[in-house]
Amino acid sequence: MVPDWLDRLAAQAVRTSVPDGLRPPADGGRLAAVLLLFGEGPLGPDVLLIQRSTRGRRHAGQPAFPGGGVDPDDGGPVEAALREAAEETGLDPGGVTVLCTMPELYVWRSDNRVTPVVGWWRVPSAVHPASPDEVDSVERVPISELVDPVNRLTLRHPSGFAGPAFRVRGMLVWGFTATLLDRVLHEGGLALPWDASRVEQMPPDVLDLAGRG
């Protein structure tokens, strides 16, 4: 049974509006998908995140949802999101119930047209960095930690761009992943009030890794 809170979240996620900065162009861009996999862990509801390898060329060291490009054999974003999640974390896709897909979002830096796929981890399986060249760590992050105002901040890039961020499980979650998390938690009625005026500059090590792509 899908829990009520996730049913509500999925119903809202389908109708989430796309911010101007994430609207896909009229044409072009690589098709991609990410898996927003929610489960029931030892500390309550949680979501699966990975930390990309610091050795990678793109998005090095960044926390992210499992996912990647849609291959011709995938048949669409749902299959791609499940395949990539299995390759990156070792999870068993058979234990995942797909609830919905969200509107397509555009990540200009990587020229990806990303479809978020929302899933319920009906039968959780063990996860680990199944692709060490791409993933440094895998975390089931409790929703309670993500919505805790203590763990929330606004992160500013030297370019002047500022967006929501989270400090959880030793990770600084920012950029596309944090923006999507922020919207989903808000739309799903899970977010708590937090101080958006708490602004921090992007740490130099994070900035250096981000500059690789």
# chains A, B, ... in the order shown; residues from 1 in each chain; ligands from 1
>>> closest_atom_pairs(of="region 89-208 of chain A", to="region 6-18 of chain A", cutoff="10 Å", atoms="only C-alpha atoms", output="tab-separated table")
residue	atom	partner	partner_atom	distance
A:Val98	CA	A:Ala10	CA	9.9
A:Leu99	CA	A:Ala10	CA	6.6
A:Cys100	CA	A:Ala10	CA	6.4
A:Thr101	CA	A:Val14	CA	6.5
A:Met102	CA	A:Val14	CA	4.9
A:Pro103	CA	A:Val14	CA	6.8
A:Glu104	CA	A:Val18	CA	8.0
A:Leu105	CA	A:Val18	CA	7.0
A:Tyr106	CA	A:Val18	CA	9.4
A:Pro116	CA	A:Ala13	CA	9.4
A:Val117	CA	A:Ala13	CA	9.7
A:Val118	CA	A:Ala10	CA	6.9
A:Gly119	CA	A:Ala10	CA	8.7
A:Trp120	CA	A:Leu6	CA	7.9
A:Arg183	CA	A:Thr16	CA	7.9
A:Val184	CA	A:Ala13	CA	6.3
A:Leu185	CA	A:Leu9	CA	7.7
A:His186	CA	A:Leu9	CA	9.0
A:Glu187	CA	A:Gln12	CA	5.8
A:Gly188	CA	A:Leu9	CA	3.9
A:Gly189	CA	A:Leu9	CA	7.3
A:Leu190	CA	A:Leu9	CA	8.4
>>> residues_around(residues="Leu35 (chain A)", least_positions_apart="5", cutoff="12 Å", atoms="only C-alpha atoms", output="ChimeraX atom specification")
/A:47-50,64-69,77-86,88-89,91,93,96-102,114-121,177,180-181
>>> residues_around(residues="region 126-141 of chain A", least_positions_apart="6", cutoff="10 Å", atoms="only C-alpha atoms", output="mmCIF file with all heavy atoms, in the first residue's frame")
data_model
loop_
_atom_site.group_PDB
_atom_site.id
_atom_site.type_symbol
_atom_site.label_atom_id
_atom_site.label_comp_id
_atom_site.auth_asym_id
_atom_site.auth_seq_id
_atom_site.Cartn_x
_atom_site.Cartn_y
_atom_site.Cartn_z
ATOM 1 N N LEU A 37 12.904 8.233 -5.423
ATOM 2 C CA LEU A 37 12.440 6.993 -4.811
ATOM 3 C C LEU A 37 12.216 7.199 -3.307
ATOM 4 O O LEU A 37 13.163 7.391 -2.549
ATOM 5 C CB LEU A 37 13.445 5.878 -5.046
ATOM 6 C CG LEU A 37 13.052 4.499 -4.510
ATOM 7 C CD1 LEU A 37 11.713 4.047 -5.083
ATOM 8 C CD2 LEU A 37 14.142 3.476 -4.816
ATOM 9 N N PHE A 38 10.961 7.146 -2.916
ATOM 10 C CA PHE A 38 10.587 7.329 -1.516
ATOM 11 C C PHE A 38 10.294 5.972 -0.884
ATOM 12 O O PHE A 38 9.677 5.099 -1.503
ATOM 13 C CB PHE A 38 9.350 8.225 -1.413
ATOM 14 C CG PHE A 38 9.588 9.630 -1.864
ATOM 15 C CD1 PHE A 38 9.329 9.998 -3.184
ATOM 16 C CD2 PHE A 38 10.078 10.586 -0.990
ATOM 17 C CE1 PHE A 38 9.553 11.302 -3.610
ATOM 18 C CE2 PHE A 38 10.305 11.885 -1.412
ATOM 19 C CZ PHE A 38 10.041 12.241 -2.723
ATOM 20 N N GLY A 39 10.745 5.814 0.362
ATOM 21 C CA GLY A 39 10.516 4.571 1.069
ATOM 22 C C GLY A 39 10.211 4.816 2.537
ATOM 23 O O GLY A 39 10.105 5.961 2.986
ATOM 24 N N GLU A 40 10.073 3.730 3.259
ATOM 25 C CA GLU A 40 9.855 3.787 4.704
ATOM 26 C C GLU A 40 11.065 3.131 5.354
ATOM 27 O O GLU A 40 11.222 1.913 5.320
ATOM 28 C CB GLU A 40 8.570 3.055 5.087
ATOM 29 C CG GLU A 40 8.188 3.196 6.549
ATOM 30 C CD GLU A 40 7.756 4.618 6.926
ATOM 31 O OE1 GLU A 40 7.121 5.285 6.079
ATOM 32 O OE2 GLU A 40 8.055 5.049 8.052
ATOM 33 N N GLY A 41 11.943 3.957 5.937
ATOM 34 C CA GLY A 41 13.161 3.447 6.545
ATOM 35 C C GLY A 41 13.069 3.379 8.053
ATOM 36 O O GLY A 41 12.013 3.653 8.642
ATOM 37 N N PRO A 42 14.170 3.040 8.704
ATOM 38 C CA PRO A 42 14.172 2.926 10.169
ATOM 39 C C PRO A 42 13.888 4.244 10.878
ATOM 40 O O PRO A 42 13.467 4.238 12.039
ATOM 41 C CB PRO A 42 15.581 2.407 10.487
ATOM 42 C CG PRO A 42 16.400 2.716 9.274
ATOM 43 C CD PRO A 42 15.463 2.647 8.117
ATOM 44 N N LEU A 43 14.109 5.358 10.179
ATOM 45 C CA LEU A 43 13.857 6.675 10.774
ATOM 46 C C LEU A 43 12.637 7.351 10.141
ATOM 47 O O LEU A 43 12.511 8.571 10.185
ATOM 48 C CB LEU A 43 15.097 7.572 10.631
ATOM 49 C CG LEU A 43 16.353 7.076 11.364
ATOM 50 C CD1 LEU A 43 17.536 7.996 11.095
ATOM 51 C CD2 LEU A 43 16.103 6.958 12.861
ATOM 52 N N GLY A 44 11.755 6.552 9.561
ATOM 53 C CA GLY A 44 10.555 7.105 8.947
ATOM 54 C C GLY A 44 10.709 7.255 7.446
ATOM 55 O O GLY A 44 11.643 6.710 6.841
ATOM 56 N N PRO A 45 9.812 8.002 6.809
ATOM 57 C CA PRO A 45 9.870 8.182 5.357
ATOM 58 C C PRO A 45 11.221 8.751 4.923
ATOM 59 O O PRO A 45 11.788 9.625 5.597
ATOM 60 C CB PRO A 45 8.744 9.182 5.079
ATOM 61 C CG PRO A 45 7.792 8.996 6.218
ATOM 62 C CD PRO A 45 8.644 8.689 7.402
ATOM 63 N N ASP A 46 11.735 8.253 3.797
ATOM 64 C CA ASP A 46 13.025 8.737 3.317
ATOM 65 C C ASP A 46 13.040 8.766 1.798
ATOM 66 O O ASP A 46 12.094 8.345 1.131
ATOM 67 C CB ASP A 46 14.181 7.898 3.876
ATOM 68 C CG ASP A 46 14.065 6.401 3.551
ATOM 69 O OD1 ASP A 46 13.398 6.048 2.560
ATOM 70 O OD2 ASP A 46 14.640 5.583 4.292
ATOM 71 N N VAL A 47 14.129 9.312 1.260
ATOM 72 C CA VAL A 47 14.309 9.390 -0.189
ATOM 73 C C VAL A 47 15.748 8.981 -0.501
ATOM 74 O O VAL A 47 16.666 9.226 0.295
ATOM 75 C CB VAL A 47 14.008 10.822 -0.716
ATOM 76 C CG1 VAL A 47 14.992 11.846 -0.177
ATOM 77 C CG2 VAL A 47 13.977 10.843 -2.242
ATOM 78 N N LEU A 48 15.923 8.330 -1.635
ATOM 79 C CA LEU A 48 17.235 7.815 -2.019
ATOM 80 C C LEU A 48 18.042 8.879 -2.766
ATOM 81 O O LEU A 48 17.574 9.433 -3.763
ATOM 82 C CB LEU A 48 17.065 6.585 -2.910
ATOM 83 C CG LEU A 48 18.337 5.813 -3.264
ATOM 84 C CD1 LEU A 48 18.940 5.156 -2.032
ATOM 85 C CD2 LEU A 48 18.041 4.767 -4.341
ATOM 86 N N LEU A 49 19.253 9.146 -2.268
ATOM 87 C CA LEU A 49 20.175 10.066 -2.936
ATOM 88 C C LEU A 49 21.519 9.392 -3.122
ATOM 89 O O LEU A 49 21.904 8.522 -2.334
ATOM 90 C CB LEU A 49 20.373 11.351 -2.119
ATOM 91 C CG LEU A 49 19.181 12.298 -1.958
ATOM 92 C CD1 LEU A 49 19.582 13.501 -1.115
ATOM 93 C CD2 LEU A 49 18.653 12.756 -3.303
ATOM 94 N N ILE A 50 22.222 9.804 -4.149
ATOM 95 C CA ILE A 50 23.598 9.361 -4.357
ATOM 96 C C ILE A 50 24.517 10.574 -4.292
ATOM 97 O O ILE A 50 24.078 11.709 -4.453
ATOM 98 C CB ILE A 50 23.779 8.650 -5.715
ATOM 99 C CG1 ILE A 50 23.506 9.625 -6.873
ATOM 100 C CG2 ILE A 50 22.865 7.433 -5.811
ATOM 101 C CD1 ILE A 50 23.845 9.052 -8.252
ATOM 102 N N GLN A 51 25.798 10.314 -4.023
ATOM 103 C CA GLN A 51 26.809 11.363 -4.171
ATOM 104 C C GLN A 51 27.709 10.934 -5.306
ATOM 105 O O GLN A 51 28.327 9.855 -5.266
ATOM 106 C CB GLN A 51 27.617 11.565 -2.893
ATOM 107 C CG GLN A 51 28.646 12.699 -3.032
ATOM 108 C CD GLN A 51 28.756 13.540 -1.782
ATOM 109 O OE1 GLN A 51 28.466 13.089 -0.688
ATOM 110 N NE2 GLN A 51 29.170 14.779 -1.934
ATOM 111 N N ARG A 52 27.741 11.742 -6.334
ATOM 112 C CA ARG A 52 28.517 11.384 -7.516
ATOM 113 C C ARG A 52 30.011 11.394 -7.207
ATOM 114 O O ARG A 52 30.482 12.112 -6.334
ATOM 115 C CB ARG A 52 28.206 12.335 -8.672
ATOM 116 C CG ARG A 52 26.739 12.265 -9.095
ATOM 117 C CD ARG A 52 26.527 12.681 -10.528
ATOM 118 N NE ARG A 52 25.132 12.484 -10.935
ATOM 119 C CZ ARG A 52 24.624 11.328 -11.318
ATOM 120 N NH1 ARG A 52 25.391 10.261 -11.360
ATOM 121 N NH2 ARG A 52 23.351 11.221 -11.655
ATOM 122 N N SER A 53 30.742 10.590 -7.944
ATOM 123 C CA SER A 53 32.178 10.454 -7.720
ATOM 124 C C SER A 53 32.900 11.781 -7.943
ATOM 125 O O SER A 53 32.583 12.522 -8.877
ATOM 126 C CB SER A 53 32.743 9.398 -8.673
ATOM 127 O OG SER A 53 34.156 9.381 -8.623
ATOM 128 N N THR A 54 33.862 12.064 -7.088
ATOM 129 C CA THR A 54 34.683 13.266 -7.265
ATOM 130 C C THR A 54 35.623 13.112 -8.455
ATOM 131 O O THR A 54 36.245 14.082 -8.883
ATOM 132 C CB THR A 54 35.522 13.539 -6.002
ATOM 133 O OG1 THR A 54 36.306 12.373 -5.688
ATOM 134 C CG2 THR A 54 34.626 13.877 -4.816
ATOM 135 N N ARG A 55 35.703 11.905 -8.998
ATOM 136 C CA ARG A 55 36.571 11.666 -10.164
ATOM 137 C C ARG A 55 35.843 11.902 -11.479
ATOM 138 O O ARG A 55 36.446 11.825 -12.547
ATOM 139 C CB ARG A 55 37.105 10.229 -10.130
ATOM 140 C CG ARG A 55 37.904 9.890 -8.887
ATOM 141 C CD ARG A 55 38.412 8.459 -8.913
ATOM 142 N NE ARG A 55 37.327 7.489 -8.927
ATOM 143 C CZ ARG A 55 36.664 7.084 -7.852
ATOM 144 N NH1 ARG A 55 36.974 7.597 -6.661
ATOM 145 N NH2 ARG A 55 35.700 6.189 -7.928
ATOM 146 N N GLY A 56 34.549 12.139 -11.401
ATOM 147 C CA GLY A 56 33.759 12.312 -12.613
ATOM 148 C C GLY A 56 34.047 13.617 -13.325
ATOM 149 O O GLY A 56 34.576 14.567 -12.740
ATOM 150 N N ARG A 57 33.670 13.659 -14.593
ATOM 151 C CA ARG A 57 33.891 14.879 -15.384
ATOM 152 C C ARG A 57 32.730 15.844 -15.242
ATOM 153 O O ARG A 57 32.916 17.053 -15.224
ATOM 154 C CB ARG A 57 34.098 14.505 -16.865
ATOM 155 C CG ARG A 57 34.476 15.691 -17.754
ATOM 156 C CD ARG A 57 34.805 15.219 -19.156
ATOM 157 N NE ARG A 57 33.653 14.612 -19.810
ATOM 158 C CZ ARG A 57 32.733 15.335 -20.486
ATOM 159 N NH1 ARG A 57 32.824 16.655 -20.538
ATOM 160 N NH2 ARG A 57 31.729 14.725 -21.074
ATOM 161 N N ARG A 58 31.507 15.312 -15.131
ATOM 162 C CA ARG A 58 30.326 16.158 -14.998
ATOM 163 C C ARG A 58 29.682 15.951 -13.633
ATOM 164 O O ARG A 58 29.564 14.832 -13.163
ATOM 165 C CB ARG A 58 29.296 15.854 -16.103
ATOM 166 C CG ARG A 58 29.681 16.387 -17.468
ATOM 167 C CD ARG A 58 28.531 16.233 -18.442
ATOM 168 N NE ARG A 58 28.838 16.763 -19.751
ATOM 169 C CZ ARG A 58 28.688 18.030 -20.098
ATOM 170 N NH1 ARG A 58 28.254 18.905 -19.214
ATOM 171 N NH2 ARG A 58 28.972 18.435 -21.317
ATOM 172 N N HIS A 59 29.280 17.047 -13.011
ATOM 173 C CA HIS A 59 28.596 17.011 -11.711
ATOM 174 C C HIS A 59 29.428 16.281 -10.664
ATOM 175 O O HIS A 59 28.895 15.593 -9.790
ATOM 176 C CB HIS A 59 27.219 16.348 -11.854
ATOM 177 C CG HIS A 59 26.392 16.890 -12.977
ATOM 178 N ND1 HIS A 59 25.966 18.208 -12.993
ATOM 179 C CD2 HIS A 59 25.931 16.321 -14.112
ATOM 180 C CE1 HIS A 59 25.261 18.411 -14.095
ATOM 181 N NE2 HIS A 59 25.229 17.293 -14.792
ATOM 182 N N ALA A 60 30.755 16.429 -10.740
ATOM 183 C CA ALA A 60 31.656 15.716 -9.833
ATOM 184 C C ALA A 60 31.337 16.039 -8.368
ATOM 185 O O ALA A 60 31.217 17.198 -7.989
ATOM 186 C CB ALA A 60 33.109 16.074 -10.136
ATOM 187 N N GLY A 61 31.212 15.000 -7.563
ATOM 188 C CA GLY A 61 31.015 15.158 -6.132
ATOM 189 C C GLY A 61 29.643 15.641 -5.711
ATOM 190 O O GLY A 61 29.399 15.807 -4.507
ATOM 191 N N GLN A 62 28.740 15.846 -6.640
ATOM 192 C CA GLN A 62 27.441 16.429 -6.284
ATOM 193 C C GLN A 62 26.445 15.366 -5.832
ATOM 194 O O GLN A 62 26.334 14.308 -6.448
ATOM 195 C CB GLN A 62 26.845 17.177 -7.475
ATOM 196 C CG GLN A 62 27.575 18.441 -7.850
ATOM 197 C CD GLN A 62 26.873 19.197 -8.970
ATOM 198 O OE1 GLN A 62 25.675 19.050 -9.166
ATOM 199 N NE2 GLN A 62 27.618 20.002 -9.705
ATOM 200 N N PRO A 63 25.691 15.636 -4.766
ATOM 201 C CA PRO A 63 24.553 14.785 -4.434
ATOM 202 C C PRO A 63 23.501 14.898 -5.535
ATOM 203 O O PRO A 63 23.341 15.954 -6.145
ATOM 204 C CB PRO A 63 24.037 15.376 -3.115
ATOM 205 C CG PRO A 63 25.221 16.110 -2.538
ATOM 206 C CD PRO A 63 25.941 16.654 -3.739
ATOM 207 N N ALA A 64 22.805 13.799 -5.771
ATOM 208 C CA ALA A 64 21.838 13.773 -6.873
ATOM 209 C C ALA A 64 20.845 12.644 -6.651
ATOM 210 O O ALA A 64 21.045 11.763 -5.809
ATOM 211 C CB ALA A 64 22.568 13.564 -8.208
ATOM 212 N N PHE A 65 19.774 12.686 -7.431
ATOM 213 C CA PHE A 65 18.901 11.521 -7.537
ATOM 214 C C PHE A 65 19.550 10.538 -8.506
ATOM 215 O O PHE A 65 20.222 10.950 -9.450
ATOM 216 C CB PHE A 65 17.532 11.925 -8.080
ATOM 217 C CG PHE A 65 16.778 12.884 -7.214
ATOM 218 C CD1 PHE A 65 16.634 14.207 -7.592
ATOM 219 C CD2 PHE A 65 16.232 12.475 -6.007
ATOM 220 C CE1 PHE A 65 15.940 15.107 -6.800
ATOM 221 C CE2 PHE A 65 15.535 13.361 -5.206
ATOM 222 C CZ PHE A 65 15.392 14.682 -5.596
ATOM 223 N N PRO A 66 19.367 9.234 -8.301
ATOM 224 C CA PRO A 66 19.856 8.296 -9.309
ATOM 225 C C PRO A 66 19.209 8.612 -10.654
ATOM 226 O O PRO A 66 18.045 8.999 -10.721
ATOM 227 C CB PRO A 66 19.378 6.929 -8.784
ATOM 228 C CG PRO A 66 19.096 7.135 -7.332
ATOM 229 C CD PRO A 66 18.661 8.566 -7.195
ATOM 230 N N ALA A 85 19.128 3.725 -11.879
ATOM 231 C CA ALA A 85 19.152 3.554 -10.424
ATOM 232 C C ALA A 85 19.726 2.194 -10.051
ATOM 233 O O ALA A 85 20.508 2.066 -9.095
ATOM 234 C CB ALA A 85 17.753 3.721 -9.850
ATOM 235 N N ALA A 86 19.351 1.165 -10.804
ATOM 236 C CA ALA A 86 19.885 -0.170 -10.547
ATOM 237 C C ALA A 86 21.388 -0.212 -10.798
ATOM 238 O O ALA A 86 22.152 -0.802 -10.015
ATOM 239 C CB ALA A 86 19.168 -1.198 -11.416
ATOM 240 N N GLU A 87 21.833 0.421 -11.880
ATOM 241 C CA GLU A 87 23.250 0.423 -12.210
ATOM 242 C C GLU A 87 24.072 1.208 -11.193
ATOM 243 O O GLU A 87 25.203 0.833 -10.876
ATOM 244 C CB GLU A 87 23.461 1.010 -13.605
ATOM 245 C CG GLU A 87 22.907 0.142 -14.737
ATOM 246 C CD GLU A 87 23.018 0.808 -16.096
ATOM 247 O OE1 GLU A 87 23.524 1.956 -16.154
ATOM 248 O OE2 GLU A 87 22.594 0.196 -17.093
ATOM 249 N N GLU A 88 23.506 2.283 -10.661
ATOM 250 C CA GLU A 88 24.261 3.150 -9.761
ATOM 251 C C GLU A 88 24.216 2.703 -8.310
ATOM 252 O O GLU A 88 25.167 2.917 -7.554
ATOM 253 C CB GLU A 88 23.737 4.587 -9.868
ATOM 254 C CG GLU A 88 24.027 5.230 -11.215
ATOM 255 C CD GLU A 88 23.394 6.599 -11.367
ATOM 256 O OE1 GLU A 88 22.403 6.894 -10.655
ATOM 257 O OE2 GLU A 88 23.880 7.380 -12.211
ATOM 258 N N THR A 89 23.099 2.098 -7.892
ATOM 259 C CA THR A 89 22.929 1.776 -6.468
ATOM 260 C C THR A 89 22.729 0.290 -6.188
ATOM 261 O O THR A 89 22.731 -0.112 -5.025
ATOM 262 C CB THR A 89 21.713 2.517 -5.884
ATOM 263 O OG1 THR A 89 20.496 1.911 -6.353
ATOM 264 C CG2 THR A 89 21.722 3.987 -6.273
ATOM 265 N N GLY A 90 22.529 -0.525 -7.210
ATOM 266 C CA GLY A 90 22.291 -1.939 -7.007
ATOM 267 C C GLY A 90 20.888 -2.292 -6.559
ATOM 268 O O GLY A 90 20.603 -3.448 -6.233
ATOM 269 N N LEU A 91 19.967 -1.323 -6.533
ATOM 270 C CA LEU A 91 18.608 -1.632 -6.085
ATOM 271 C C LEU A 91 17.907 -2.562 -7.069
ATOM 272 O O LEU A 91 18.242 -2.620 -8.247
ATOM 273 C CB LEU A 91 17.797 -0.357 -5.868
ATOM 274 C CG LEU A 91 17.354 0.517 -7.063
ATOM 275 C CD1 LEU A 91 16.139 -0.051 -7.777
ATOM 276 C CD2 LEU A 91 17.038 1.927 -6.595
ATOM 277 N N ASP A 92 16.906 -3.282 -6.560
ATOM 278 C CA ASP A 92 16.100 -4.175 -7.389
ATOM 279 C C ASP A 92 14.888 -3.405 -7.901
ATOM 280 O O ASP A 92 13.998 -3.063 -7.120
ATOM 281 C CB ASP A 92 15.644 -5.370 -6.556
ATOM 282 C CG ASP A 92 14.743 -6.317 -7.336
ATOM 283 O OD1 ASP A 92 14.575 -6.113 -8.555
ATOM 284 O OD2 ASP A 92 14.208 -7.254 -6.721
ATOM 285 N N VAL A 168 22.679 17.547 4.816
ATOM 286 C CA VAL A 168 22.202 16.298 5.415
ATOM 287 C C VAL A 168 23.212 15.187 5.174
ATOM 288 O O VAL A 168 23.804 15.099 4.102
ATOM 289 C CB VAL A 168 20.838 15.868 4.831
ATOM 290 C CG1 VAL A 168 19.701 16.747 5.347
ATOM 291 C CG2 VAL A 168 20.845 15.878 3.307
ATOM 292 N N ARG A 169 23.382 14.348 6.188
ATOM 293 C CA ARG A 169 24.210 13.156 6.048
ATOM 294 C C ARG A 169 25.606 13.461 5.498
ATOM 295 O O ARG A 169 26.153 12.716 4.686
ATOM 296 C CB ARG A 169 23.513 12.137 5.142
ATOM 297 C CG ARG A 169 22.141 11.713 5.664
ATOM 298 C CD ARG A 169 22.325 10.748 6.809
ATOM 299 N NE ARG A 169 21.191 10.649 7.680
ATOM 300 C CZ ARG A 169 20.735 9.500 8.172
ATOM 301 N NH1 ARG A 169 21.287 8.369 7.812
ATOM 302 N NH2 ARG A 169 19.725 9.493 9.024
ATOM 303 N N MET A 171 26.356 15.700 3.425
ATOM 304 C CA MET A 171 26.290 16.178 2.050
ATOM 305 C C MET A 171 25.726 17.592 2.005
ATOM 306 O O MET A 171 24.857 17.948 2.801
ATOM 307 C CB MET A 171 25.387 15.274 1.199
ATOM 308 C CG MET A 171 25.851 13.847 1.079
ATOM 309 S SD MET A 171 24.802 12.870 -0.073
ATOM 310 C CE MET A 171 23.251 12.835 0.833
#
>>> select_by_dssp(residues="region 5-168 of chain A", states="alpha helix (DSSP H)", output="number ranges by chain")
A: 5-13, 77-89, 143-147
>>> write_last_selection(atoms="N, CA and C atoms", output="PDB file, in the first residue's frame")
ATOM      1  N   TRP A   5       0.672  10.041   2.568  1.00  0.00           N
ATOM      2  CA  TRP A   5       1.482  11.234   2.323  1.00  0.00           C
ATOM      3  C   TRP A   5       2.131  11.189   0.945  1.00  0.00           C
ATOM      4  N   LEU A   6       2.498   9.981   0.495  1.00  0.00           N
ATOM      5  CA  LEU A   6       3.129   9.862  -0.812  1.00  0.00           C
ATOM      6  C   LEU A   6       2.099   9.933  -1.933  1.00  0.00           C
ATOM      7  N   ASP A   7       0.908   9.417  -1.682  1.00  0.00           N
ATOM      8  CA  ASP A   7      -0.182   9.585  -2.656  1.00  0.00           C
ATOM      9  C   ASP A   7      -0.440  11.070  -2.907  1.00  0.00           C
ATOM     10  N   ARG A   8      -0.495  11.842  -1.818  1.00  0.00           N
ATOM     11  CA  ARG A   8      -0.732  13.286  -1.957  1.00  0.00           C
ATOM     12  C   ARG A   8       0.428  13.961  -2.684  1.00  0.00           C
ATOM     13  N   LEU A   9       1.646  13.565  -2.323  1.00  0.00           N
ATOM     14  CA  LEU A   9       2.828  14.155  -2.963  1.00  0.00           C
ATOM     15  C   LEU A   9       2.811  13.876  -4.461  1.00  0.00           C
ATOM     16  N   ALA A  10       2.521  12.627  -4.850  1.00  0.00           N
ATOM     17  CA  ALA A  10       2.515  12.276  -6.268  1.00  0.00           C
ATOM     18  C   ALA A  10       1.424  13.026  -7.019  1.00  0.00           C
ATOM     19  N   ALA A  11       0.259  13.177  -6.384  1.00  0.00           N
ATOM     20  CA  ALA A  11      -0.841  13.892  -7.038  1.00  0.00           C
ATOM     21  C   ALA A  11      -0.466  15.340  -7.311  1.00  0.00           C
ATOM     22  N   GLN A  12       0.261  15.938  -6.391  1.00  0.00           N
ATOM     23  CA  GLN A  12       0.707  17.326  -6.584  1.00  0.00           C
ATOM     24  C   GLN A  12       1.875  17.409  -7.548  1.00  0.00           C
ATOM     25  N   ALA A  13       2.773  16.421  -7.492  1.00  0.00           N
ATOM     26  CA  ALA A  13       3.972  16.450  -8.330  1.00  0.00           C
ATOM     27  C   ALA A  13       3.621  16.479  -9.817  1.00  0.00           C
ATOM     28  N   PRO A  77      11.350   7.421 -20.203  1.00  0.00           N
ATOM     29  CA  PRO A  77      12.026   7.888 -18.987  1.00  0.00           C
ATOM     30  C   PRO A  77      11.849   6.967 -17.781  1.00  0.00           C
ATOM     31  N   VAL A  78      10.709   6.287 -17.662  1.00  0.00           N
ATOM     32  CA  VAL A  78      10.507   5.403 -16.505  1.00  0.00           C
ATOM     33  C   VAL A  78      11.519   4.263 -16.528  1.00  0.00           C
ATOM     34  N   GLU A  79      11.642   3.617 -17.665  1.00  0.00           N
ATOM     35  CA  GLU A  79      12.595   2.517 -17.791  1.00  0.00           C
ATOM     36  C   GLU A  79      14.027   3.008 -17.592  1.00  0.00           C
ATOM     37  N   ALA A  80      14.330   4.201 -18.111  1.00  0.00           N
ATOM     38  CA  ALA A  80      15.677   4.752 -17.967  1.00  0.00           C
ATOM     39  C   ALA A  80      16.003   5.039 -16.509  1.00  0.00           C
ATOM     40  N   ALA A  81      15.055   5.643 -15.793  1.00  0.00           N
ATOM     41  CA  ALA A  81      15.289   5.981 -14.387  1.00  0.00           C
ATOM     42  C   ALA A  81      15.530   4.727 -13.554  1.00  0.00           C
ATOM     43  N   LEU A  82      14.731   3.678 -13.795  1.00  0.00           N
ATOM     44  CA  LEU A  82      14.899   2.431 -13.045  1.00  0.00           C
ATOM     45  C   LEU A  82      16.214   1.737 -13.403  1.00  0.00           C
ATOM     46  N   ARG A  83      16.557   1.731 -14.684  1.00  0.00           N
ATOM     47  CA  ARG A  83      17.812   1.093 -15.111  1.00  0.00           C
ATOM     48  C   ARG A  83      19.014   1.798 -14.502  1.00  0.00           C
ATOM     49  N   GLU A  84      19.025   3.126 -14.619  1.00  0.00           N
ATOM     50  CA  GLU A  84      20.151   3.886 -14.089  1.00  0.00           C
ATOM     51  C   GLU A  84      20.263   3.717 -12.574  1.00  0.00           C
ATOM     52  N   ALA A  85      19.128   3.725 -11.879  1.00  0.00           N
ATOM     53  CA  ALA A  85      19.152   3.554 -10.424  1.00  0.00           C
ATOM     54  C   ALA A  85      19.726   2.194 -10.051  1.00  0.00           C
ATOM     55  N   ALA A  86      19.351   1.165 -10.804  1.00  0.00           N
ATOM     56  CA  ALA A  86      19.885  -0.170 -10.547  1.00  0.00           C
ATOM     57  C   ALA A  86      21.388  -0.212 -10.798  1.00  0.00           C
ATOM     58  N   GLU A  87      21.833   0.421 -11.880  1.00  0.00           N
ATOM     59  CA  GLU A  87      23.250   0.423 -12.210  1.00  0.00           C
ATOM     60  C   GLU A  87      24.072   1.208 -11.193  1.00  0.00           C
ATOM     61  N   GLU A  88      23.506   2.283 -10.661  1.00  0.00           N
ATOM     62  CA  GLU A  88      24.261   3.150  -9.761  1.00  0.00           C
ATOM     63  C   GLU A  88      24.216   2.703  -8.310  1.00  0.00           C
ATOM     64  N   THR A  89      23.099   2.098  -7.892  1.00  0.00           N
ATOM     65  CA  THR A  89      22.929   1.776  -6.468  1.00  0.00           C
ATOM     66  C   THR A  89      22.729   0.290  -6.188  1.00  0.00           C
ATOM     67  N   ILE A 143      13.139  12.079   5.417  1.00  0.00           N
ATOM     68  CA  ILE A 143      12.436  13.319   5.108  1.00  0.00           C
ATOM     69  C   ILE A 143      12.503  14.278   6.292  1.00  0.00           C
ATOM     70  N   SER A 144      12.471  13.734   7.507  1.00  0.00           N
ATOM     71  CA  SER A 144      12.522  14.583   8.700  1.00  0.00           C
ATOM     72  C   SER A 144      13.789  15.417   8.748  1.00  0.00           C
ATOM     73  N   GLU A 145      14.895  14.875   8.230  1.00  0.00           N
ATOM     74  CA  GLU A 145      16.147  15.634   8.202  1.00  0.00           C
ATOM     75  C   GLU A 145      16.127  16.685   7.098  1.00  0.00           C
ATOM     76  N   LEU A 146      15.522  16.356   5.976  1.00  0.00           N
ATOM     77  CA  LEU A 146      15.459  17.310   4.870  1.00  0.00           C
ATOM     78  C   LEU A 146      14.603  18.523   5.217  1.00  0.00           C
ATOM     79  N   VAL A 147      13.500  18.312   5.942  1.00  0.00           N
ATOM     80  CA  VAL A 147      12.602  19.434   6.233  1.00  0.00           C
ATOM     81  C   VAL A 147      12.979  20.163   7.521  1.00  0.00           C
TER      82      VAL A 147
END
>>> residues_around(residues="Gly175 (chain A)", least_positions_apart="5", cutoff="8 Å", atoms="only C-alpha atoms", output="number ranges by chain")
A: 163-165
>>> atom_distance(atom1="CA of Ser159 (chain A)", atom2="CA of Leu209 (chain A)")
15.5 Å
>>> closest_residue(among="A:Val70, A:Leu207, A:Ala178, A:Leu172", to="Pro158 (chain A)", atoms="only C-alpha atoms")
A:Leu207
>>> closest_residue(among="A:Val107, A:Val123, A:Leu31, A:Ala26", to="Pro72 (chain A)", atoms="only C-alpha atoms")
A:Leu31
>>> select_by_dssp(residues="region 31-183 of chain A", states="strand (DSSP E)", output="ChimeraX atom specification")
/A:31-41,44-52,63-64,67-69,96-101,105-107,112-121,135-142,152-156,162-168,171-173
